[in-house]
Amino acid sequence: MFYLTNEHLSVFIPLGFVGIYRWFWFCVKLLAYCVYKPIQPRRKPRYIASRDVTILVPTIDSGVEIKTAVRSWLQSKPNKIIFITTPKAKAGLEELANSCNSSRDVIDVITVPRPNKRNQMVAGINRVKTELIVFSDDDAIWPDSMLEWALAPFEDKQVGGVGTSQTVLPVGKRMSVWEILSAFRISMRNIEITASTYIDGGVCCLSGRTAIYRTKILRDPEFQWKFTHEYWLGKYHQHSGDDKFLTRWLHAHYWKTFIQSCPEVELLSTFKNNWTFLKQILRWTRNTWRSDIRSLFVERVVWTRYPFVAFTMLDKFFNPITLLAGPVTVIYLCVRKMSDPSSLPVYVVLASYFVWLFLTRLIKYMPHFVRRPQDILAIPVWLGFNILFALMKVYCLFTLHVTSWGTRSGADNQEKHDLESEMDIYKARWMECPELDEGCDLESQDTGETDPGSSASAGLTDQQNSDSVADLVDGISVLHDSAIGSDSFLSLRHKH
């Protein structure tokens with residue numbers, strides 16, 4: 001820390017070398033955020049929502065905002081909306097579908113035996129007949145122009161996934177303090193993912209609240225098996241963190257990603273408006289630790305493809321140290337005053353420190369304060385939360401074996417079910433309907449562009465994928481556990 005003094009005035013400037021380092025990189029991100037430009041839709045686009053887009057919504061405990069969300073999705077005119085739920089929740093979703101789409105030509109509801117988001121997603125994938133899939137949370141409310149703008153980056157055939165910017169929708173008439181904390185986090189996240197997209201084209205995570213992928217990537221049987229059988233340290237089955245897995249898969253298989261950050265695609269989403277927000281933070285933080293460790297030290301593709309993203313991931317490892325460095329230094333200076341009368345007065349240290357924190361946070365979160373200037377009053381709460389978050393992040397590092405949702409009712413129910421019914425999610429249901437649209441050939445036409453998945457299983461034909469999954473289901477009786485199942489699946493997979 002630096003400080004200036006003279007005979008009449010003492011000023012404490014709480015800016016050390018760590019602060020200079022962090023402010024330098026924040027300015028880099030802010031500059032990239034300011035010069036970034038989204039990709040505008042073409043007048044004659046390659047993809048049209050009514051022909052090429054299916055929205056998949058895995059859900060088991062939707063709130064009242066789902067009806068508003070569904071109506072907003074329908075405004076973008078997708079080809080199909082598919083809810084994937086459990087038998088217990090099906091009746092309510094059928095009623096919702098009938099009220100929002102009386103002809104039922106757009107909305108379908110399917111079920112899986114037990115609540116498991118990744119299994120629900122795979123079951124939905126294998127029902128899709130369009131070239132693009134949108135995964136959406138059941139509380140994500142879209143602007144009318146969402147799909148028109150979100151499809152624009154797919155004009156580049158190497159783009160495999162697209163994400164969007166977000167903002168917080170209050171559950172009640174006013175934002176609770178928990179929702180304001182979420183809004184601060186989302187504001188900074190919008191800056192970071194937009195900056196990384198501009199700097200090297202990568203992103204740490206395509207948020208599961210709404211993200212779009214090429215269907216042929218997700219139809220790959222190897223992807224589906226690994227997606228539903230991801231384990232931490234080989235024994236802790238991961239139920240959440242699906243969006244981090246999807247983003248890593250794109251990176252590892254040399255697909256591009258892109259973030260559309262503009263009002264035309266900015267979705268509204270609810271966040272926990274009570275103390276359970278902290279449970280969300282714990283889950284997200286554990287997912288980030290596990291995924292970033294894999295990206296940086298196991299897969300390692302991110303180092304060469306997206307060096308700025310890799311640096312951002314590594315930098316977050318040290319966040320607890322940098323977040324706690326300021327308070328620890330201030331406490332030290334206050335204690336030192338007791339033994340060293342010539343040092344700065346305690347009131348100078350404390351007053352300078354809190355004024356500094358207030359002003360710097362005012363600058364950092366200015367994009368949010370432009371929208372909601374009244375949230376300036378919540379800065380002191382945010383400062384206290386940052387200290388708590390630093391401690392929570394350390395706690396999460398030592399509890400990475402905890403893979404439960406914590407906030408999703410029923411999602412952690414892992415009681416055993418019939419294995420054959422569980423494997424039903426891998427069946428290629430899109431092949432069962434004979435009347436496939438001509439526009440749904442999964443980009444089989446030769447455009448002359450390089451396809452990142454052409455040498456991998458993502459480039460398999462529909463029939464090859466169907467045969468691979470059929471082999472898997474036919475051989476299910478010999479798969480005694482997940483480890484054996486994985487090896488057997490891959491051996492079947494490589495025959496194709």
# chains A, B, ... in the order shown; residues from 1 in each chain; ligands from 1

$ select_by_dssp --residues "region 49-133 of chain A" --states "helix (DSSP H, G or I)" --output "PyMOL selection string"
chain A and resi 49-52+66-75+87-100+117-125

$ residues_around --residues "Gly163 (chain A)" --least-positions-apart "6" --cutoff "8 Å" --atoms "only C-alpha atoms" --output "list in words"
Ala150, Leu206, Ser207, Thr210, Ala211, Ile212, Thr257, Phe258, Ile259 and Gln260 of chain A

$ write_last_selection --atoms "N, CA, C and O atoms" --output "short mmCIF file (atom, residue, chain, number, x, y, z; two decimals), in the first residue's frame"
data_model
loop_
_atom_site.label_atom_id
_atom_site.label_comp_id
_atom_site.auth_asym_id
_atom_site.auth_seq_id
_atom_site.Cartn_x
_atom_site.Cartn_y
_atom_site.Cartn_z
N ALA A 150 -29.19 -14.13 -32.28
CA ALA A 150 -28.35 -15.19 -31.72
C ALA A 150 -27.90 -16.19 -32.78
O ALA A 150 -26.88 -16.87 -32.61
N LEU A 206 -20.31 -20.87 -21.68
CA LEU A 206 -21.55 -20.46 -22.33
C LEU A 206 -22.67 -20.78 -21.35
O LEU A 206 -23.02 -21.94 -21.14
N SER A 207 -23.21 -19.77 -20.73
CA SER A 207 -24.16 -19.96 -19.64
C SER A 207 -25.34 -20.82 -20.05
O SER A 207 -25.94 -20.65 -21.12
N THR A 210 -29.22 -19.62 -21.32
CA THR A 210 -29.59 -19.72 -22.73
C THR A 210 -28.31 -19.82 -23.55
O THR A 210 -27.46 -18.93 -23.47
N ALA A 211 -28.18 -20.89 -24.32
CA ALA A 211 -27.03 -21.07 -25.20
C ALA A 211 -27.46 -21.91 -26.39
O ALA A 211 -28.34 -22.77 -26.27
N ILE A 212 -26.86 -21.67 -27.55
CA ILE A 212 -27.24 -22.34 -28.79
C ILE A 212 -26.06 -23.17 -29.30
O ILE A 212 -24.91 -22.71 -29.29
N THR A 257 -16.51 -20.47 -30.37
CA THR A 257 -17.63 -19.97 -29.58
C THR A 257 -17.76 -18.46 -29.82
O THR A 257 -16.80 -17.82 -30.25
N PHE A 258 -18.93 -17.93 -29.53
CA PHE A 258 -19.12 -16.49 -29.68
C PHE A 258 -20.18 -16.03 -28.69
O PHE A 258 -21.15 -16.73 -28.42
N ILE A 259 -19.95 -14.83 -28.15
CA ILE A 259 -20.93 -14.19 -27.25
C ILE A 259 -21.57 -13.02 -27.98
O ILE A 259 -20.88 -12.09 -28.42
N GLN A 260 -22.89 -13.09 -28.15
CA GLN A 260 -23.63 -11.95 -28.66
C GLN A 260 -24.04 -11.09 -27.47
O GLN A 260 -24.88 -11.50 -26.66
#

$ closest_residue --among "A:Lys244, A:Arg219, A:Arg46, A:Arg127" --to "Pro153 (chain A)" --atoms "only C-alpha atoms"
A:Arg46

$ residues_around --residues "Lys272 (chain A)" --least-positions-apart "6" --cutoff "12 Å" --atoms "only C-alpha atoms" --output "number ranges by chain"
A: 63, 139, 168-172, 175-183, 278-281, 407-408

$ write_last_selection --atoms "C-alpha atoms" --output "compact mmCIF listing (two decimals), in the first residue's frame"
# COMPACT_ATOMS: atom_id res chain seq x y z
CA GLY A 63 -41.90 -21.23 -11.02
CA ASP A 139 -37.19 -18.77 -16.18
CA VAL A 168 -31.61 -9.88 -13.49
CA LEU A 169 -35.41 -10.00 -13.34
CA PRO A 170 -36.74 -9.31 -9.82
CA VAL A 171 -39.01 -12.00 -8.39
CA GLY A 172 -41.14 -9.37 -6.62
CA MET A 175 -35.09 -6.29 -6.01
CA SER A 176 -34.03 -7.90 -2.77
CA VAL A 177 -30.48 -7.37 -1.55
CA TRP A 178 -29.68 -10.91 -2.77
CA GLU A 179 -30.89 -10.06 -6.26
CA ILE A 180 -28.83 -6.86 -6.25
CA LEU A 181 -25.74 -8.94 -5.43
CA SER A 182 -26.64 -11.21 -8.36
CA ALA A 183 -27.01 -8.16 -10.59
CA LEU A 278 -25.48 -18.53 -1.19
CA LYS A 279 -26.19 -22.17 -2.06
CA GLN A 280 -26.20 -21.21 -5.72
CA ILE A 281 -22.85 -19.50 -5.25
CA THR A 407 -31.28 -25.61 -4.72
CA ARG A 408 -33.15 -27.80 -7.20

$ residues_around --residues "region 98-115 of chain A" --least-positions-apart "5" --cutoff "6 Å" --atoms "only C-alpha atoms" --output "ChimeraX atom specification"
/A:80-87,411

$ residues_around --residues "region 282-284 of chain A" --least-positions-apart "3" --cutoff "10 Å" --atoms "only C-alpha atoms" --output "list in words"
Ser240, Gly241, Lys244, Thr276, Phe277, Leu278, Lys279, Asn287, Thr288, Trp289, Phe389, Met392, Lys393, Tyr395, Cys396, Thr399, Leu400, Val402, Thr403, Ser404, Trp405, Gly406 and Thr407 of chain A

$ write_last_selection --atoms "N, CA and C atoms" --output "PDB file, in the first residue's frame"
ATOM      1  N   SER A 240     -24.539 -31.165 -11.817  1.00  0.00           N
ATOM      2  CA  SER A 240     -24.611 -29.794 -12.340  1.00  0.00           C
ATOM      3  C   SER A 240     -23.353 -29.527 -13.173  1.00  0.00           C
ATOM      4  N   GLY A 241     -23.153 -28.281 -13.563  1.00  0.00           N
ATOM      5  CA  GLY A 241     -21.974 -27.932 -14.351  1.00  0.00           C
ATOM      6  C   GLY A 241     -22.077 -28.346 -15.801  1.00  0.00           C
ATOM      7  N   LYS A 244     -20.539 -25.776 -18.273  1.00  0.00           N
ATOM      8  CA  LYS A 244     -19.075 -25.790 -18.301  1.00  0.00           C
ATOM      9  C   LYS A 244     -18.561 -26.974 -19.131  1.00  0.00           C
ATOM     10  N   THR A 276     -30.806 -18.616   0.047  1.00  0.00           N
ATOM     11  CA  THR A 276     -30.425 -19.763  -0.786  1.00  0.00           C
ATOM     12  C   THR A 276     -29.566 -19.344  -1.980  1.00  0.00           C
ATOM     13  N   PHE A 277     -29.506 -18.036  -2.211  1.00  0.00           N
ATOM     14  CA  PHE A 277     -28.555 -17.504  -3.190  1.00  0.00           C
ATOM     15  C   PHE A 277     -27.134 -17.976  -2.876  1.00  0.00           C
ATOM     16  N   LEU A 278     -26.814 -18.082  -1.585  1.00  0.00           N
ATOM     17  CA  LEU A 278     -25.483 -18.531  -1.189  1.00  0.00           C
ATOM     18  C   LEU A 278     -25.246 -19.984  -1.596  1.00  0.00           C
ATOM     19  N   LYS A 279     -26.316 -20.794  -1.589  1.00  0.00           N
ATOM     20  CA  LYS A 279     -26.188 -22.175  -2.060  1.00  0.00           C
ATOM     21  C   LYS A 279     -25.877 -22.213  -3.551  1.00  0.00           C
ATOM     22  N   ASN A 287     -18.321 -25.849  -9.395  1.00  0.00           N
ATOM     23  CA  ASN A 287     -18.289 -26.190 -10.820  1.00  0.00           C
ATOM     24  C   ASN A 287     -17.143 -25.475 -11.528  1.00  0.00           C
ATOM     25  N   THR A 288     -16.929 -24.213 -11.172  1.00  0.00           N
ATOM     26  CA  THR A 288     -15.848 -23.446 -11.791  1.00  0.00           C
ATOM     27  C   THR A 288     -14.487 -24.022 -11.429  1.00  0.00           C
ATOM     28  N   TRP A 289     -14.281 -24.342 -10.155  1.00  0.00           N
ATOM     29  CA  TRP A 289     -13.016 -24.961  -9.745  1.00  0.00           C
ATOM     30  C   TRP A 289     -12.756 -26.237 -10.543  1.00  0.00           C
ATOM     31  N   PHE A 389     -17.297 -14.101   0.022  1.00  0.00           N
ATOM     32  CA  PHE A 389     -17.103 -14.923  -1.169  1.00  0.00           C
ATOM     33  C   PHE A 389     -15.682 -15.484  -1.231  1.00  0.00           C
ATOM     34  N   MET A 392     -15.726 -18.372   0.988  1.00  0.00           N
ATOM     35  CA  MET A 392     -16.511 -19.444   0.383  1.00  0.00           C
ATOM     36  C   MET A 392     -15.732 -20.142  -0.723  1.00  0.00           C
ATOM     37  N   LYS A 393     -14.947 -19.377  -1.459  1.00  0.00           N
ATOM     38  CA  LYS A 393     -14.186 -19.975  -2.557  1.00  0.00           C
ATOM     39  C   LYS A 393     -13.122 -20.935  -2.034  1.00  0.00           C
ATOM     40  N   TYR A 395     -13.390 -22.531   0.831  1.00  0.00           N
ATOM     41  CA  TYR A 395     -14.169 -23.664   1.335  1.00  0.00           C
ATOM     42  C   TYR A 395     -14.556 -24.610   0.192  1.00  0.00           C
ATOM     43  N   CYS A 396     -14.967 -24.043  -0.950  1.00  0.00           N
ATOM     44  CA  CYS A 396     -15.361 -24.867  -2.095  1.00  0.00           C
ATOM     45  C   CYS A 396     -14.196 -25.679  -2.639  1.00  0.00           C
ATOM     46  N   THR A 399     -14.028 -28.812  -0.863  1.00  0.00           N
ATOM     47  CA  THR A 399     -15.249 -29.644  -0.862  1.00  0.00           C
ATOM     48  C   THR A 399     -15.697 -29.925  -2.296  1.00  0.00           C
ATOM     49  N   LEU A 400     -14.760 -30.126  -3.193  1.00  0.00           N
ATOM     50  CA  LEU A 400     -15.098 -30.373  -4.593  1.00  0.00           C
ATOM     51  C   LEU A 400     -15.789 -31.715  -4.801  1.00  0.00           C
ATOM     52  N   VAL A 402     -18.414 -32.548  -3.336  1.00  0.00           N
ATOM     53  CA  VAL A 402     -19.862 -32.301  -3.227  1.00  0.00           C
ATOM     54  C   VAL A 402     -20.375 -31.895  -4.606  1.00  0.00           C
ATOM     55  N   THR A 403     -21.188 -32.732  -5.224  1.00  0.00           N
ATOM     56  CA  THR A 403     -21.646 -32.474  -6.589  1.00  0.00           C
ATOM     57  C   THR A 403     -23.153 -32.273  -6.683  1.00  0.00           C
ATOM     58  N   SER A 404     -23.818 -32.125  -5.563  1.00  0.00           N
ATOM     59  CA  SER A 404     -25.273 -31.973  -5.558  1.00  0.00           C
ATOM     60  C   SER A 404     -25.687 -30.577  -5.994  1.00  0.00           C
ATOM     61  N   TRP A 405     -26.969 -30.444  -6.375  1.00  0.00           N
ATOM     62  CA  TRP A 405     -27.499 -29.149  -6.775  1.00  0.00           C
ATOM     63  C   TRP A 405     -27.689 -28.238  -5.568  1.00  0.00           C
ATOM     64  N   GLY A 406     -28.356 -28.760  -4.556  1.00  0.00           N
ATOM     65  CA  GLY A 406     -28.572 -27.967  -3.357  1.00  0.00           C
ATOM     66  C   GLY A 406     -29.789 -27.074  -3.411  1.00  0.00           C
ATOM     67  N   THR A 407     -30.137 -26.535  -4.610  1.00  0.00           N
ATOM     68  CA  THR A 407     -31.275 -25.608  -4.716  1.00  0.00           C
ATOM     69  C   THR A 407     -32.354 -26.114  -5.652  1.00  0.00           C
TER      70      THR A 407
END

$ select_by_dssp --residues "region 77-183 of chain A" --states "strand (DSSP E)" --output "PyMOL selection string"
chain A and resi 80-85+107-111+132-136+159-164+166-168

$ write_last_selection --atoms "N, CA, C and O atoms" --output "short mmCIF file (atom, residue, chain, number, x, y, z; two decimals), in the first residue's frame"
data_model
loop_
_atom_site.label_atom_id
_atom_site.label_comp_id
_atom_site.auth_asym_id
_atom_site.auth_seq_id
_atom_site.Cartn_x
_atom_site.Cartn_y
_atom_site.Cartn_z
N LYS A 80 -39.64 -25.77 -32.77
CA LYS A 80 -40.17 -26.65 -31.74
C LYS A 80 -39.65 -26.24 -30.37
O LYS A 80 -38.52 -25.77 -30.25
N ILE A 81 -40.48 -26.42 -29.34
CA ILE A 81 -40.07 -26.28 -27.94
C ILE A 81 -40.35 -27.62 -27.27
O ILE A 81 -41.47 -28.12 -27.34
N ILE A 82 -39.33 -28.20 -26.65
CA ILE A 82 -39.50 -29.50 -26.00
C ILE A 82 -39.16 -29.37 -24.52
O ILE A 82 -38.03 -29.03 -24.16
N PHE A 83 -40.14 -29.63 -23.67
CA PHE A 83 -39.90 -29.71 -22.23
C PHE A 83 -39.51 -31.15 -21.89
O PHE A 83 -40.15 -32.10 -22.34
N ILE A 84 -38.45 -31.31 -21.11
CA ILE A 84 -38.04 -32.63 -20.64
C ILE A 84 -38.16 -32.63 -19.13
O ILE A 84 -37.48 -31.88 -18.44
N THR A 85 -39.06 -33.46 -18.62
CA THR A 85 -39.36 -33.43 -17.20
C THR A 85 -39.53 -34.85 -16.67
O THR A 85 -39.18 -35.82 -17.35
N ILE A 107 -45.08 -27.00 -29.14
CA ILE A 107 -44.61 -27.42 -27.82
C ILE A 107 -44.89 -28.91 -27.59
O ILE A 107 -46.01 -29.38 -27.78
N ASP A 108 -43.85 -29.64 -27.19
CA ASP A 108 -43.96 -31.04 -26.80
C ASP A 108 -43.47 -31.20 -25.36
O ASP A 108 -42.63 -30.42 -24.89
N VAL A 109 -43.97 -32.21 -24.68
CA VAL A 109 -43.53 -32.53 -23.32
C VAL A 109 -43.14 -34.01 -23.29
O VAL A 109 -43.97 -34.86 -23.63
N ILE A 110 -41.90 -34.32 -22.90
CA ILE A 110 -41.47 -35.70 -22.76
C ILE A 110 -40.93 -35.90 -21.35
O ILE A 110 -40.68 -34.92 -20.62
N THR A 111 -40.78 -37.16 -20.95
CA THR A 111 -40.34 -37.44 -19.58
C THR A 111 -39.15 -38.40 -19.57
O THR A 111 -38.91 -39.14 -20.52
N LEU A 132 -30.10 -26.69 -35.22
CA LEU A 132 -29.61 -25.96 -34.06
C LEU A 132 -30.47 -26.26 -32.84
O LEU A 132 -31.69 -26.43 -32.95
N ILE A 133 -29.82 -26.31 -31.69
CA ILE A 133 -30.49 -26.56 -30.42
C ILE A 133 -30.24 -25.39 -29.48
O ILE A 133 -29.09 -24.95 -29.34
N VAL A 134 -31.28 -24.91 -28.84
CA VAL A 134 -31.14 -23.90 -27.79
C VAL A 134 -31.47 -24.57 -26.45
O VAL A 134 -32.56 -25.13 -26.29
N PHE A 135 -30.53 -24.54 -25.53
CA PHE A 135 -30.83 -24.94 -24.15
C PHE A 135 -31.24 -23.68 -23.40
O PHE A 135 -30.52 -22.67 -23.42
N SER A 136 -32.37 -23.74 -22.73
CA SER A 136 -32.85 -22.57 -21.99
C SER A 136 -33.35 -22.98 -20.62
O SER A 136 -33.98 -24.04 -20.47
N VAL A 159 -18.29 -22.03 -36.03
CA VAL A 159 -18.88 -21.67 -34.74
C VAL A 159 -19.78 -22.82 -34.29
O VAL A 159 -20.71 -23.21 -34.99
N GLY A 160 -19.48 -23.35 -33.10
CA GLY A 160 -20.26 -24.47 -32.58
C GLY A 160 -21.23 -24.08 -31.49
O GLY A 160 -22.19 -24.80 -31.22
N GLY A 161 -20.98 -22.94 -30.81
CA GLY A 161 -21.85 -22.53 -29.71
C GLY A 161 -21.89 -21.03 -29.56
O GLY A 161 -20.88 -20.34 -29.78
N VAL A 162 -23.04 -20.50 -29.18
CA VAL A 162 -23.24 -19.05 -29.01
C VAL A 162 -23.95 -18.80 -27.69
O VAL A 162 -24.91 -19.49 -27.34
N GLY A 163 -23.46 -17.82 -26.94
CA GLY A 163 -24.09 -17.39 -25.71
C GLY A 163 -24.53 -15.94 -25.81
O GLY A 163 -24.25 -15.26 -26.80
N THR A 164 -25.21 -15.46 -24.78
CA THR A 164 -25.75 -14.09 -24.81
C THR A 164 -25.48 -13.38 -23.48
O THR A 164 -25.07 -14.00 -22.50
N GLN A 166 -26.87 -11.14 -20.16
CA GLN A 166 -28.00 -11.37 -19.25
C GLN A 166 -28.23 -10.17 -18.37
O GLN A 166 -27.35 -9.30 -18.22
N THR A 167 -29.40 -10.15 -17.76
CA THR A 167 -29.68 -9.19 -16.70
C THR A 167 -30.67 -9.83 -15.73
O THR A 167 -31.30 -10.84 -16.06
N VAL A 168 -30.81 -9.27 -14.55
CA VAL A 168 -31.61 -9.88 -13.49
C VAL A 168 -33.05 -9.37 -13.54
O VAL A 168 -33.30 -8.17 -13.65
#

$ residues_around --residues "Val309 (chain A)" --least-positions-apart "2" --cutoff "12 Å" --atoms "only C-alpha atoms" --output "VMD selection string"
chain A and resid 29 192 to 205 247 to 248 251 257 292 295 to 296 300 to 307 311 to 316

$ closest_residue --among "A:Arg336, A:Lys427, A:Arg290, A:Lys44" --to "Ala152 (chain A)" --atoms "only C-alpha atoms"
A:Lys44

$ atom_distance --atom1 "CA of Lys226 (chain A)" --atom2 "CA of Asp52 (chain A)"
26.1 Å

$ residues_around --residues "Leu333 (chain A)" --least-positions-apart "5" --cutoff "8 Å" --atoms "only C-alpha atoms" --output "list in words"
Leu344, Val346 and Val349 of chain A

$ closest_residue --among "A:Trp142, A:Tyr36, A:Trp73, A:Phe317" --to "Ile55 (chain A)" --atoms "only C-alpha atoms"
A:Trp73
